[in-house]
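Visitor: Below is the structure I would like to discuss, written out as structure tokens.
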Amino acid sequence: MLPLVKNPNLIVGYETGEDAGVYKLSEDIALIQTLDFFTPIANDPYIFGQIAAANSLSDVYAMGGKPLLAMNIVCFPIKKMPKEVLGKILRGAADKLKEAETLLVGGHSVEDEEIKYGLSVTGIVHPAKVILNAGARSSDYLILTKPLGTGIIATAVKGGRATVEAEKKAYTIMSELNRKASEAMQTAGAHACTDITGFGLVGHAYEMAKASNAGITLYASRIPIIDEAVEYAERGFIPEGDYRNKEYCKKAIKISPEISPAIADILFDAQTSGGLLISISQDKADEFLKLYPKANVVGEVTDSNRGIIIIEP
Amino acid sequence: MLIDARGLGCPKPVIMAEEELIKADEGIVEILVDNEASVENLTKFATKNGFYSETSEENTHWCVKIVKGYGCEVQSHHPKEKTSVIEEQEKDMLLIISSDVIGKEEELGRILMKGFFETMKVTKEIPHTMFFLNAGVKLTTVREEIINLLKEISSMGAEIYSCGTCLKYYNLESELKVGHRGTTNHIVEGFKDFRKVVWM
């Protein structure tokens, strides 16, 4: 365990398990600081760069912030791989940052056995308007802004068993910025938010339930899923992390036996650059969906079953 | 076929099993893996494809055995006759008759055999499939009184096969009067597909 840092200006620190730190600079401005990097999730280096950038920016968006600056983190086998590959990764990321109106201001690279890439992102937010995974209130609706299944599809791609179409769908979803969803959530007024990444939908919902001291009910039939992920899950293309996710929160999950095993697996699927899971009051949910119609209401927050995730059909 | 997939993560073990099993209509692979996720994924892979699987845990790893095929699909050597593909669900009884008499004493044995089939007909206790082999093939070729009984039993729903090798041995290949030619696969498959296999 790292020693806890105490400071009156620190709004979010290491201890709450958020993906970013938030530090109050003035009454109007707080700094959001985050970083993320990983091994290639796509075969195409340009697309990998885009996904890595969208993923790194997502932590700022999930807190209701605005990303301003970014820096590259590069691990690359420069002696074994043509440097054009790296060039394409960086260009993909640069294009995504441009779309996000975030400035790339530098970075650092080291030689490594395999490629790893990501970014450190700095953003700002009003100190009183930081949106955390704590704060979900009883009777809130839970909204999910991207379909699930990218981890399973990426595993099928790795095995050479995914269709080109499925691969494209996953890339499109992963490289999409959470910016518009974040702006809609700020306009409508959300109580809590987290982005769906390595713990999968259920894992992140569990974190939200614990942090908010509330219960969460999810409705499997309302959860958007990439079609092909169901077949790939049935065929055994489930990444190891998904099983760990299930194991990690199994004591706090009640899943209806009517839900098929493949769908249940997908609810635990680790996502890269996944969507936002937003807790918002029922009346404001309508407003949000008008601003961001792609999203789906997938569940609700309950006063009962605190710290428990109930999954209904 | 043994595949050592220890040290390999998802989806490698599934791909290796798939590549091995895709080659043949029937086959067994045993895959050694050292992570539980691969055990789960291999089991899912088998279930999805309708293969049988079982897992045993060793000290440091798991062994997942996947069986493809060895179902009960019977190839008829009489293409003009009715199809002899047996339904895939589990069947009640396979009766294997390996002699043309019951017991050692031949004359008594003939009487007993006839009585046996008569009882079967009257009680309507009809096995799903009857397989005749060794001297048993005489019953489906030259023993008139039995052939007539078997025709009636056959019309009541039993499938009747006679061992091709045995017909050849007794030079009775052109004499088959009831049922179809079959192979000893029927016996091997019978152990799995029938609830009960009875040898006579």
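Identifiers in this document derive from the order of the structure tokens: chains are assigned A, B, ..., residues are numbered from 1 separately in each chain, and ligands are numbered from 1 in order of occurrence.
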Starting from chain B, keep only residues with some atom at most 7 Å from an atom of chain A, counting only C-alpha atoms, and report them as a PyMOL selection string.
Guide: chain B and resi 10-12+14-15+37+41-42+44-45+48
Visitor: Between atom CA of Thr47 of chain B and atom CA of Ile66 of chain B, what is the distance, to one decimal in Å?
Guide: 9.7 Å
Visitor: Report as number ranges by chain all protein, DNA and RNA residues lying within 7 Å of Trp62 of chain B, evaluated on only C-alpha atoms, omitting residues in the same chain fewer than 4 positions from it.
Guide: B: 32-34, 55-58
Visitor: Could you write those residues out with N, CA, C and O atoms, as a tab-separated table (two decimals), in the first residue's frame?
Guide:
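Below is the file selection_24.tsv, written as the result:
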chain	number	residue	atom	x	y	z
B	32	LEU	N	-3.43	-29.65	-22.23
B	32	LEU	CA	-2.93	-29.28	-20.90
B	32	LEU	C	-2.87	-27.77	-20.81
B	32	LEU	O	-2.28	-27.12	-21.68
B	33	VAL	N	-3.50	-27.20	-19.80
B	33	VAL	CA	-3.46	-25.75	-19.60
B	33	VAL	C	-3.15	-25.45	-18.13
B	33	VAL	O	-3.41	-26.27	-17.26
B	34	ASP	N	-2.60	-24.26	-17.89
B	34	ASP	CA	-2.26	-23.94	-16.50
B	34	ASP	C	-3.00	-22.71	-15.99
B	34	ASP	O	-2.62	-22.12	-14.98
B	55	THR	N	-12.81	-32.46	-17.63
B	55	THR	CA	-11.59	-31.82	-17.13
B	55	THR	C	-11.10	-32.56	-15.89
B	55	THR	O	-11.89	-32.90	-15.01
B	56	SER	N	-9.81	-32.81	-15.85
B	56	SER	CA	-9.24	-33.35	-14.63
B	56	SER	C	-8.16	-32.40	-14.13
B	56	SER	O	-7.44	-31.79	-14.94
B	57	GLU	N	-8.08	-32.26	-12.83
B	57	GLU	CA	-7.10	-31.34	-12.27
B	57	GLU	C	-5.87	-32.10	-11.81
B	57	GLU	O	-5.97	-33.07	-11.06
B	58	GLU	N	-4.72	-31.68	-12.30
B	58	GLU	CA	-3.46	-32.26	-11.84
B	58	GLU	C	-2.86	-31.30	-10.80
B	58	GLU	O	-3.50	-30.34	-10.42
Visitor: Calculate how many Å separate atom CA of Pro313 of chain A from atom CA of Ile263 of chain A, rounding to one decimal.
Guide: 10.0 Å
Visitor: Would you kindly return, as number ranges by chain, each protein, DNA or RNA residue with an atom no farther than 12 Å from any atom of Arg143 of chain B, considering only C-alpha atoms and excluding same-chain residues fewer than 2 positions away?
Guide: B: 100-101, 110, 113-114, 135-141, 145-150, 172, 175-178
Visitor: Write out as a PyMOL selection string which residues come within 8 Å of Tyr61 of chain A when counting only C-alpha atoms, dropping same-chain ones fewer than 4 positions away.
Guide: chain A and resi 57+65-67+178-179+182
Visitor: One number please: atom CA of Leu8 of chain B to atom CA of Glu20 of chain B, in Å, one decimal.
Guide: 16.5 Å
Visitor: Gly49 of chain A: which residues within 6 Å, counting only C-alpha atoms, same-chain residues fewer than 3 positions away excluded, as a PyMOL selection string?
Guide: chain A and resi 46+52+89-90+92-93
Visitor: Filtering to N, CA, C and O atoms, could you give me those residues as an mmCIF file, in the first residue's frame?
Guide:
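Result file result16.cif:
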data_model
loop_
_atom_site.group_PDB
_atom_site.id
_atom_site.type_symbol
_atom_site.label_atom_id
_atom_site.label_comp_id
_atom_site.auth_asym_id
_atom_site.auth_seq_id
_atom_site.Cartn_x
_atom_site.Cartn_y
_atom_site.Cartn_z
ATOM 1 N N TYR A 46 -2.373 2.817 -36.529
ATOM 2 C CA TYR A 46 -3.083 4.097 -36.506
ATOM 3 C C TYR A 46 -4.325 3.997 -35.603
ATOM 4 O O TYR A 46 -4.574 4.867 -34.773
ATOM 5 N N ALA A 52 -5.937 4.386 -27.941
ATOM 6 C CA ALA A 52 -5.156 4.725 -26.745
ATOM 7 C C ALA A 52 -5.455 6.159 -26.297
ATOM 8 O O ALA A 52 -5.587 6.432 -25.096
ATOM 9 N N ILE A 89 1.115 5.052 -34.950
ATOM 10 C CA ILE A 89 0.458 5.091 -33.631
ATOM 11 C C ILE A 89 0.315 6.541 -33.180
ATOM 12 O O ILE A 89 -0.765 6.993 -32.778
ATOM 13 N N LEU A 90 1.428 7.279 -33.287
ATOM 14 C CA LEU A 90 1.425 8.667 -32.804
ATOM 15 C C LEU A 90 0.481 9.537 -33.628
ATOM 16 O O LEU A 90 -0.170 10.443 -33.097
ATOM 17 N N GLY A 92 -2.274 8.482 -35.170
ATOM 18 C CA GLY A 92 -3.649 8.145 -34.757
ATOM 19 C C GLY A 92 -4.030 8.887 -33.486
ATOM 20 O O GLY A 92 -5.122 9.459 -33.374
ATOM 21 N N ALA A 93 -3.101 8.894 -32.528
ATOM 22 C CA ALA A 93 -3.366 9.578 -31.260
ATOM 23 C C ALA A 93 -3.493 11.084 -31.475
ATOM 24 O O ALA A 93 -4.397 11.728 -30.925
#
Visitor: Could you pull out the helix (DSSP H, G or I) residues of segment 48-265 of chain A, going by DSSP on the backbone, and write them as an MDAnalysis selection string?
Guide: chainID A and resid 48:62 83:99 127:129 150:158 164:175 179:188 200:212 220:222 227:234 240:252 261:265
